[in-house]
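J.: Mind looking over this structure? Questions follow.
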Amino acid sequence: MKERAERNRTITLSAEEYNLFSRKLCCLKKDIPVDLGEIVNKTVNNDLFDIIDLLPKQFADLIVVDPPYNLTRDFNGFTFKSSSKNRYFDYLRSWFPKVVSLLKPSGSMYLCGDWKCTSALQQVMEENLTVLNRITWQREKGRGALSNWKNAMEDIWFGVKDAKNYYFNVEAVKLKRKVLAPYKENDKPKDWEKTEEGNFRLTYPSNFWDDISIPYWSMPENTDHPTQKPEKLIAKLILSSCPENGIVFDPFLGSGTTSVVAKKLGRKYCGVEMNKEYCCWAEKRLERAETDKTIQGYSDGVFWERNTANLQTANNKQKMKPATRPDSFNLFSKITSL
């Protein structure tokens, strides 16, 4: 086990915890189809390719897909190797349509990737869904490059089965930003509010996100997973595109972020992950989510601009409370036309 600094909050497992959480995992038999009740609110410890055909069709309101990018990467002993563009296409096409078949007719999907594989992701999504948007988010982590630009961006493709009938709650994902040049009309704030901590405005979300912090050693959500997504990022996807009590599915669960955030936000979840240790990390995080619903960067029913002064105070007030919007803000729009 790695030696860590005293203040390091990275999630680890003792031998006792590993045994305990291992017993909570759902392991499906390769040839037996399963009912929805067998997998809801479960961490499924299987290779996706062994069990994808056994899962119930059209059960998920939202699917969040964070597959291996076309890079050589070690995932706790399993090495995914980069390949040619055509071979990566073949890899995506071997499972993507089957994952789409798990989506409800009114469901939505988000598909994550980096600049090297984003064109392949767009193409495979367009073959199976209607693409509505590409989200680009600022991933401020990693070393600089001496002979190239540092890669600090990733993409998330947003697609739906039915472009005239899908769930999207824009009110749930507004961003609270500081107002540096407040404008008044009739000596009253226009589109902003004055608070003791400063002047703020709720803004509509765009498809460029620069308010995301990558998990690091001092954050309680951090694990040793090499490509862990931030809880704040996944919270935006879930709040916007899955109704309360809906089901969120993640076929490449990793350390469990999608399931954990779904639980914190009052949604059902199911995730598939082949690595047993990653599954146990997910179970430990899910257990913590029973009593701690906080999501860094999300409090008081809004997403806060990164490094906002009163963010920590707001988060502390929210601790031990469900991280959902107040009823008065719990609105959604069912899209009827583009």
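Every chain in the structure tokens takes a letter, A first, then B, and so on in the order presented; its residues are numbered from 1, and the ligands are numbered from 1 following the presented order.
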Can you tell me, as a list of chain:residue names, what residues are no more than 7 Å from A:Trp137 when counting only C-alpha atoms, ignoring any on the same chain fewer than 6 positions away?
T.: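 The contact residues come out as A:Met153, A:Glu154, A:Asp155, A:Phe208, A:Trp209, A:Asp210.
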J.: Assign secondary structure with DSSP using the backbone only, and return the residues of stretch 145-311 of chain A in alpha helix (DSSP H) as JSON, numbers by chain.
T.: {"A": [231, 232, 233, 234, 235, 236, 237, 238, 239, 240, 241, 257, 258, 259, 260, 261, 262, 263, 264, 276, 277, 278, 279, 280, 281, 282, 283, 284, 285, 286, 287, 288, 311]}
J.: I need the residues from that last selection saved to file as a compact mmCIF listing (two decimals), in the first residue's frame (with C-alpha atoms), if you can.
T.:
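Heads up, here's the output in result-v3.txt:
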# COMPACT_ATOMS: atom_id res chain seq x y z
CA GLU A 231 -18.55 14.37 -8.95
CA LYS A 232 -19.50 17.92 -9.91
CA LEU A 233 -19.25 17.08 -13.61
CA ILE A 234 -21.41 13.97 -13.31
CA ALA A 235 -23.91 15.87 -11.12
CA LYS A 236 -24.56 18.27 -14.02
CA LEU A 237 -25.33 15.37 -16.35
CA ILE A 238 -27.65 13.67 -13.89
CA LEU A 239 -29.57 16.74 -12.73
CA SER A 240 -30.14 17.92 -16.29
CA SER A 241 -31.09 14.62 -17.89
CA THR A 257 -18.56 8.27 -9.42
CA THR A 258 -21.74 7.98 -11.51
CA SER A 259 -23.46 5.66 -9.02
CA VAL A 260 -22.35 7.73 -6.03
CA VAL A 261 -23.61 11.00 -7.48
CA ALA A 262 -26.88 9.39 -8.55
CA LYS A 263 -27.41 8.20 -4.99
CA LYS A 264 -26.60 11.61 -3.54
CA LYS A 276 -13.01 -5.90 -8.34
CA GLU A 277 -10.96 -3.35 -6.40
CA TYR A 278 -12.56 -0.47 -8.29
CA CYS A 279 -15.96 -1.99 -7.45
CA CYS A 280 -15.04 -2.04 -3.77
CA TRP A 281 -13.96 1.60 -3.92
CA ALA A 282 -17.38 2.34 -5.40
CA GLU A 283 -19.12 0.45 -2.59
CA LYS A 284 -17.15 2.32 0.07
CA ARG A 285 -18.11 5.63 -1.55
CA LEU A 286 -21.75 4.53 -1.77
CA GLU A 287 -21.72 3.69 1.94
CA ARG A 288 -20.36 7.15 2.75
CA LEU A 311 -18.18 27.92 -1.64
J.: As a ChimeraX atom specification, please: every residue in stretch 2-119 of chain A that a backbone DSSP assignment puts in strand (DSSP E).
T.: /A:42-44,60-65,73-75,78-80,103-113
J.: Find the nearest atom pair between each residue of stretch 139-255 of chain A and stretch 39-51 of chain A for residues within 10 Å, count only C-alpha atoms, give distances in Å to one decimal, sort rows by chain and ascending number, and present the table as JSON lines.
T.:
{"residue": "A:Ile247", "atom": "CA", "partner": "A:Val40", "partner_atom": "CA", "distance": 7.9}
{"residue": "A:Val248", "atom": "CA", "partner": "A:Val40", "partner_atom": "CA", "distance": 9.2}
{"residue": "A:Phe249", "atom": "CA", "partner": "A:Val40", "partner_atom": "CA", "distance": 9.1}
{"residue": "A:Asp250", "atom": "CA", "partner": "A:Thr43", "partner_atom": "CA", "distance": 9.8}
{"residue": "A:Pro251", "atom": "CA", "partner": "A:Leu48", "partner_atom": "CA", "distance": 6.7}
{"residue": "A:Phe252", "atom": "CA", "partner": "A:Leu48", "partner_atom": "CA", "distance": 7.7}
{"residue": "A:Leu253", "atom": "CA", "partner": "A:Thr43", "partner_atom": "CA", "distance": 8.4}
J.: Show which residues sit within 9 Å of A:Pro97, as a list in words. Count only C-alpha atoms, and ignore same-chain residues fewer than 4 positions away.
T.: Leu92, Arg93, Ser101, Val124, Met125, Glu127 and Asn128 of chain A
J.: Hey, what's within 12 Å of A:Arg306 if we count only C-alpha atoms and toss same-chain stuff fewer than 5 positions away? As number ranges by chain, please?
T.: A: 138, 140, 175-178, 209-214, 232, 296-298, 311-312
J.: Could you state the separation of atom CA of A:Asp53 and atom CA of A:Ile32 in Å, given to one decimal place?
T.: 9.6 Å
J.: Which residues are close to stretch 104-111 of chain A, i.e. within 9 Å by only C-alpha atoms, leaving aside same-chain residues fewer than 3 positions away? Reply as a ChimeraX atom specification.
T.: /A:57-67,100-101,121-122,125,129,155-167,237,241-242
J.: For A:Asn70, please output as a ChimeraX atom specification all residues within 10 Å (counting only C-alpha atoms; exclusion window: fewer than 4 positions along the same chain).
T.: /A:80-85,87-89,91,113-118,120
J.: In Å, with one decimal, what is the gap from atom CA of A:Gly246 to atom CA of A:Ile295?
T.: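 Separation between atom CA of A:Gly246 and atom CA of A:Ile295: 19.2 Å.
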